[in-house]
Each structure stands twice: as structure tokens, then as C-alpha cells.
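Data block for protein02.txt (compact mmCIF, C-alpha atoms):
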```
# COMPACT_ATOMS: atom_id res chain seq x y z
CA MET A 83 0.00 0.00 0.00
CA ALA A 84 1.20 3.50 -0.82
CA THR A 85 1.78 6.18 1.80
CA SER A 86 0.84 9.83 1.32
CA GLY A 87 4.42 10.98 0.76
CA THR A 88 3.66 14.20 2.65
CA THR A 89 4.60 15.47 6.11
CA SER A 90 2.71 18.75 6.16
CA PHE A 91 -0.18 18.02 8.53
CA ASP A 92 -1.15 21.04 10.61
CA LEU A 93 -4.25 22.57 12.17
CA ASP A 94 -5.42 26.14 11.86
CA ILE A 95 -6.78 27.97 14.90
CA GLU A 96 -10.42 27.22 14.03
CA GLU A 97 -9.67 23.49 13.73
CA ILE A 98 -7.80 23.49 17.05
CA ILE A 99 -10.79 25.16 18.71
CA ALA A 100 -13.26 22.75 17.11
CA GLU A 101 -11.26 19.72 18.26
CA ALA A 102 -10.99 21.10 21.80
CA TYR A 103 -14.75 21.74 21.99
CA GLU A 104 -15.45 18.23 20.73
CA ARG A 105 -13.40 16.85 23.63
CA CYS A 106 -15.70 18.83 25.88
CA GLY A 107 -18.69 17.17 24.19
CA ILE A 108 -19.78 20.44 22.56
CA GLU A 109 -19.92 21.79 19.00
CA THR A 110 -19.01 25.40 18.24
CA ARG A 111 -22.20 27.18 17.25
CA THR A 112 -21.71 30.91 17.76
CA GLY A 113 -19.10 33.58 17.17
CA TYR A 114 -18.76 33.95 20.92
CA ASP A 115 -17.74 30.28 21.19
CA LEU A 116 -14.82 31.05 18.90
CA ARG A 117 -13.86 34.28 20.65
CA THR A 118 -13.86 32.81 24.15
CA ALA A 119 -11.85 29.81 22.92
CA ARG A 120 -9.29 32.05 21.22
CA ARG A 121 -8.93 34.00 24.47
CA SER A 122 -8.34 30.75 26.36
CA LEU A 123 -5.79 29.71 23.74
CA ASN A 124 -3.79 32.88 24.25
CA LEU A 125 -3.90 32.31 28.02
CA LEU A 126 -2.61 28.79 27.40
CA PHE A 127 0.34 30.23 25.45
CA ALA A 128 1.09 32.50 28.41
CA GLU A 129 1.07 29.48 30.72
CA TRP A 130 3.50 27.63 28.47
CA ALA A 131 5.97 30.51 28.77
CA SER A 132 6.11 29.77 32.51
CA ARG A 133 6.21 25.98 32.27
CA GLY A 134 9.70 25.65 30.84
CA LEU A 135 11.77 25.69 27.70
CA ASN A 136 9.97 25.59 24.37
CA LEU A 137 12.90 24.91 22.07
CA TRP A 138 11.28 26.34 18.95
CA THR A 139 10.99 29.73 20.70
CA ILE A 140 14.71 30.02 21.48
CA GLN A 141 16.43 32.55 19.23
CA GLU A 142 19.87 34.12 19.01
CA HIS A 143 20.06 37.88 19.46
CA THR A 144 22.86 40.42 19.28
CA LEU A 145 23.09 43.75 21.06
CA PRO A 146 25.91 46.21 20.27
CA LEU A 147 27.22 47.75 23.48
CA VAL A 148 28.03 51.43 23.84
CA ALA A 149 31.03 52.57 25.86
CA GLY A 150 29.89 54.09 29.15
CA ASP A 151 26.35 52.61 29.01
CA PHE A 152 25.57 49.68 31.31
CA GLU A 153 21.74 49.58 30.99
CA TYR A 154 19.90 48.38 27.86
CA ASP A 155 16.31 47.56 26.86
CA LEU A 156 15.64 44.19 25.24
CA PRO A 157 12.79 43.33 22.86
CA ALA A 158 9.45 43.22 24.68
CA ASN A 159 8.69 39.67 23.47
CA ILE A 160 11.61 38.13 25.37
CA VAL A 161 10.58 35.88 28.26
CA ASP A 162 14.00 34.91 29.60
CA VAL A 163 17.67 34.99 28.69
CA LEU A 164 19.62 31.73 28.55
CA SER A 165 23.24 31.49 27.35
CA THR A 166 25.19 34.76 27.15
CA VAL A 167 28.58 35.86 25.81
CA VAL A 168 30.32 39.14 25.07
CA ARG A 169 31.90 39.17 21.61
CA SER A 170 34.87 41.36 20.76
CA PRO A 171 37.22 41.52 17.75
CA GLN A 172 40.77 40.25 18.10
CA GLY A 173 42.83 40.51 14.95
CA ASN A 174 40.82 39.09 12.08
CA GLN A 175 38.46 37.03 14.23
CA ASN A 176 35.85 37.46 16.95
CA ILE A 177 36.35 36.14 20.46
CA ASP A 178 33.33 35.11 22.57
CA VAL A 179 33.74 35.22 26.34
CA VAL A 180 31.04 33.82 28.63
CA VAL A 181 29.44 36.37 30.96
CA ASN A 182 27.97 35.16 34.24
CA ARG A 183 24.44 36.09 35.26
CA PHE A 184 23.90 38.23 38.35
CA SER A 185 20.99 37.69 40.70
CA GLN A 186 18.87 40.69 41.65
CA ALA A 187 20.54 40.89 45.06
CA GLU A 188 24.04 40.59 43.60
CA TRP A 189 23.33 43.43 41.19
CA LEU A 190 21.88 45.59 43.95
CA HIS A 191 24.96 45.03 46.12
CA THR A 192 27.42 45.85 43.31
CA PRO A 193 29.13 49.17 44.09
CA ASN A 194 29.97 51.85 41.51
CA LYS A 195 27.91 50.22 38.76
CA GLY A 196 28.59 52.79 36.07
CA GLY A 197 32.03 53.92 37.19
CA THR A 198 33.91 50.64 36.76
CA LEU A 199 34.93 50.28 33.11
CA GLY A 200 36.21 47.22 31.24
CA ARG A 201 35.04 44.18 29.31
CA PRO A 202 31.62 43.19 30.72
CA ALA A 203 31.96 39.98 32.73
CA GLN A 204 28.57 39.80 34.45
CA VAL A 205 25.01 40.58 33.43
CA TYR A 206 21.76 41.08 35.32
CA PHE A 207 18.52 40.35 33.46
CA GLN A 208 15.49 42.24 34.77
CA ARG A 209 12.21 40.55 33.84
CA THR A 210 10.03 43.64 33.67
CA ILE A 211 7.31 44.36 31.08
CA THR A 212 10.09 45.83 28.96
CA PRO A 213 12.97 43.51 29.88
CA LYS A 214 16.35 45.06 30.58
CA VAL A 215 19.95 43.95 30.97
CA TYR A 216 22.65 45.55 33.10
CA PHE A 217 26.37 44.93 32.65
CA PHE A 218 29.31 44.97 35.02
CA PRO A 219 31.89 46.28 34.45
CA CYS A 220 30.42 49.02 32.31
CA PRO A 221 31.70 48.63 28.70
CA ASP A 222 34.83 50.63 27.98
CA ASP A 223 35.94 52.00 24.59
CA SER A 224 38.96 49.74 24.04
CA VAL A 225 37.14 47.58 21.45
CA PRO A 226 33.56 47.37 20.12
CA TYR A 227 31.71 44.84 22.29
CA THR A 228 28.61 42.91 21.23
CA PHE A 229 26.32 41.08 23.64
CA VAL A 230 25.26 37.78 22.06
CA TYR A 231 22.58 35.76 23.78
CA TYR A 232 19.99 33.04 23.35
CA ALA A 233 16.56 34.03 24.62
CA ILE A 234 13.12 32.49 24.95
CA ARG A 235 10.59 34.58 23.05
CA ARG A 236 6.86 34.73 23.58
CA ILE A 237 4.68 32.42 21.54
CA GLU A 238 2.79 34.48 18.98
CA ASP A 239 -0.88 35.23 19.63
CA ALA A 240 -3.51 33.06 17.99
CA GLY A 241 -4.71 35.91 15.78
CA ASN A 242 -7.04 35.10 12.92
CA TYR A 243 -8.90 31.80 12.90
CA THR A 244 -7.24 30.86 9.60
CA ASN A 245 -3.76 31.16 11.11
CA THR A 246 -1.79 28.14 12.21
CA ALA A 247 -0.52 28.12 15.79
CA ASP A 248 3.02 29.25 16.52
CA VAL A 249 4.02 25.83 17.86
CA ASN A 250 6.09 22.92 16.63
CA PHE A 251 3.86 20.24 15.10
CA ARG A 252 4.86 17.83 17.88
CA PHE A 253 3.01 20.06 20.36
CA LEU A 254 -0.33 19.99 18.53
CA PRO A 255 -1.80 17.13 20.63
CA CYS A 256 -0.76 18.91 23.82
CA LEU A 257 -2.10 22.22 22.53
CA VAL A 258 -5.52 20.72 21.82
CA ALA A 259 -5.53 18.90 25.17
CA GLY A 260 -4.64 22.08 27.02
CA LEU A 261 -7.30 24.14 25.28
CA ALA A 262 -9.91 21.43 25.94
CA TYR A 263 -9.04 21.57 29.64
CA PHE A 264 -9.22 25.38 29.71
CA LEU A 265 -12.59 25.30 27.95
CA SER A 266 -13.93 22.62 30.29
CA LEU A 267 -13.54 25.09 33.16
CA LYS A 268 -16.20 27.18 31.42
CA VAL A 269 -18.44 24.79 29.52
CA ALA A 270 -17.91 21.20 30.71
CA PRO A 271 -17.28 21.07 34.46
CA ASP A 272 -18.02 17.34 34.53
CA ARG A 273 -14.95 16.72 32.33
CA ILE A 274 -12.46 18.98 34.12
CA THR A 275 -10.64 16.20 36.00
CA LEU A 276 -10.31 13.94 32.96
CA LEU A 277 -9.23 16.68 30.56
CA LYS A 278 -6.72 18.10 33.04
CA GLN A 279 -5.18 14.65 33.47
CA ILE A 280 -4.91 14.19 29.70
CA TYR A 281 -3.37 17.65 29.33
CA GLU A 282 -0.77 17.08 32.04
CA GLU A 283 0.15 13.68 30.59
CA ASN A 284 0.53 15.23 27.14
CA PHE A 285 2.66 18.07 28.45
CA LYS A 286 4.94 15.74 30.42
CA LEU A 287 5.40 13.53 27.37
CA ILE A 288 6.32 16.35 25.04
CA GLY A 289 8.20 18.29 27.69
CA ASP A 290 10.49 15.34 28.35
CA ALA A 291 11.18 15.03 24.62
CA ASP A 292 11.62 18.76 23.95
CA ARG A 293 15.07 19.17 25.47
CA ASP A 294 18.65 19.71 24.44
CA ARG A 295 20.30 16.44 23.42
CA ALA A 296 23.85 17.56 24.17
CA SER A 297 26.01 15.27 26.30
CA TYR A 298 26.21 16.03 30.01
CA TYR A 299 29.34 15.39 32.04
CA ALA A 300 29.65 15.47 35.83
CA VAL A 301 33.15 15.87 37.22
CA PRO A 302 33.65 15.13 40.91
CA GLU A 303 35.41 17.75 42.99
CA ARG A 304 38.85 16.68 44.15
CA THR A 305 39.93 17.98 47.53
CA MET A 306 43.34 17.38 49.11
CA TYR A 307 43.26 16.55 52.78
CA PRO A 308 46.32 16.88 55.04
```
Turn the structure described in the file into C-alpha cells.
Amino acid sequence: MATSGTTSFDLDIEEIIAEAYERCGIETRTGYDLRTARRSLNLLFAEWASRGLNLWTIQEHTLPLVAGDFEYDLPANIVDVLSTVVRSPQGNQNIDVVVNRFSQAEWLHTPNKGGTLGRPAQVYFQRTITPKVYFFPCPDDSVPYTFVYYAIRRIEDAGNYTNTADVNFRFLPCLVAGLAYFLSLKVAPDRITLLKQIYEENFKLIGDADRDRASYYAVPERTMYP
């Protein structure tokens, strides 16, 4: 028997909503059914931003640093900053040096934040509505520095019903399960427990699979005793 030869299956927002309602034992009948489901879908995306890494939302960004400036705004759609380096030219190549991340308390307790100049070695990421980064030492003018970082961005809003969701196809079953659970809180209270269980099982399954596959090495600390 022949197979389809295609790997392009996807669901648009209206189909995701219809499937979620069907799991609640309900058919979409009115425009309000669609609007309230789309609102729940956007709330689900916001929840996913807090649940952990969504690998398809990790992007590389660059930020040119200005000598004497230690405070910078980041794009408003950034949820969190992951790996960070400061890049500087050396001869005919660029050198990337890892910068360590400050905690809020460590940044607060750092004296003379803007008066200490040099190659930035530490960064504090402030998760405000407009996220910010602060560098220490403050960049000097010896070479042009560039802050290079991987960041988790927000999942795009559902938008029009003909759009596809801004998720990797592997997350579609979890997305439908999550929306069905969210909708059950409003329209199918008798199915809340079941749909929540299905959603959590789906998220654990895909969450365990959606991770970096790099090798991990643990090196024991060696201490010399007299």
C-alpha cells in the first residue's frame, strides 16, 4: 500500500478550537464560542511561557554595546535569557567570552555600577514588562563589544482563525488537550478532571522530549586533605 508521501499536517486555529470543543462534548455554534476559545488559547500560550523551555521559541540575538552605558532595553517579546557571551574583535576574528548572570541581590549590592569600566563579565537580566539587561563592568571604549545571547521569546498570539498556531507540530496534541481543559472550566465542568489529566500527561510527554540532546558530564570535585 502507498503512503501519502507528505509530512505537512497542521491545524489552523479554528480546527484546534473545534477539536478542543469536541473533547468537551460540545460543538461550536456561535461567534462567541470562537472568541472565548481564542482568548483561552492565548492564556494557554502565556502558561507555556512559565512551564519551561519551548525549544522552537529560542532565538539568538545580538546587542551592540556602547562605551559608558551599562543599561539596555531588550525586545518586549523576550521571556528569559539563557546562554550569554560578550563578543569582541581580536585581529581578524571574533572572540566570545562567557558572561555570568547576576541575581537581583548581587546586582543591587554591586558598588559603583557605572564607574567601573572594562570588558563586561557579568550581566543582570530584569524581567520587567520591557525587559532590561545591566552589565558589570560598564563597557569601555577599548574595542567594540557585542552582547550575544539566546533568549526564549513569547509564543505568537492566535490571531485570525485561519492562522496556524506558533508551535512545533509535535506540540499539537498537547495544545488541543490544554485548550480542551481550559474550555472545560467554562463549559464542561463534569470533564475537568479527565481533561486536566490528559493535558498534564501530554505536556509531560512532550516536555520530556523537547530538550537539548547535548552530552552532560559530571566531574567530581577533588579535595586534598592533610
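Omitting His143 in chain A and its sequence neighbours fewer than 4 positions away, and counting all atoms listed in the file, the residues within 7 Å are Val230, Tyr231 and Tyr232 of chain A.
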Which range 214-304 of chain A residues have any atom within 8 Å of an atom of range 150-160 of chain A, and for each, what is the nearest pair of atoms with distance in Å to one decimal, counting only C-alpha atoms, rows sorted by chain and number, as a tab-separated table?
```
residue	atom	partner	partner_atom	distance
A:Lys214	CA	A:Asp155	CA	4.5
A:Val215	CA	A:Tyr154	CA	5.4
A:Tyr216	CA	A:Glu153	CA	4.6
A:Phe217	CA	A:Phe152	CA	5.0
A:Phe218	CA	A:Phe152	CA	7.1
A:Pro219	CA	A:Phe152	CA	7.8
A:Cys220	CA	A:Phe152	CA	5.0
A:Pro221	CA	A:Gly150	CA	5.8
A:Asp222	CA	A:Gly150	CA	6.1
A:Asp223	CA	A:Gly150	CA	7.9
A:Ala233	CA	A:Ile160	CA	6.5
A:Ile234	CA	A:Ile160	CA	5.9
A:Arg235	CA	A:Ile160	CA	4.4
A:Arg236	CA	A:Asn159	CA	5.3
```
Which distance in Å separates CA of Arg111 in chain A and CA of Leu261 in chain A, to one decimal? 17.2 Å
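Of the residues under consideration (A:Ala131, A:Leu199, A:Val249, A:Leu267), A:Val249 shows the shortest atom-to-atom contact distance to Asp92 in chain A when counting only C-alpha atoms.
With only C-alpha atoms as the atoms that count, the minimum distance from Leu147 in chain A to the choices A:Lys195, A:Arg183, A:Arg201, A:Arg121 is reached by A:Arg201.
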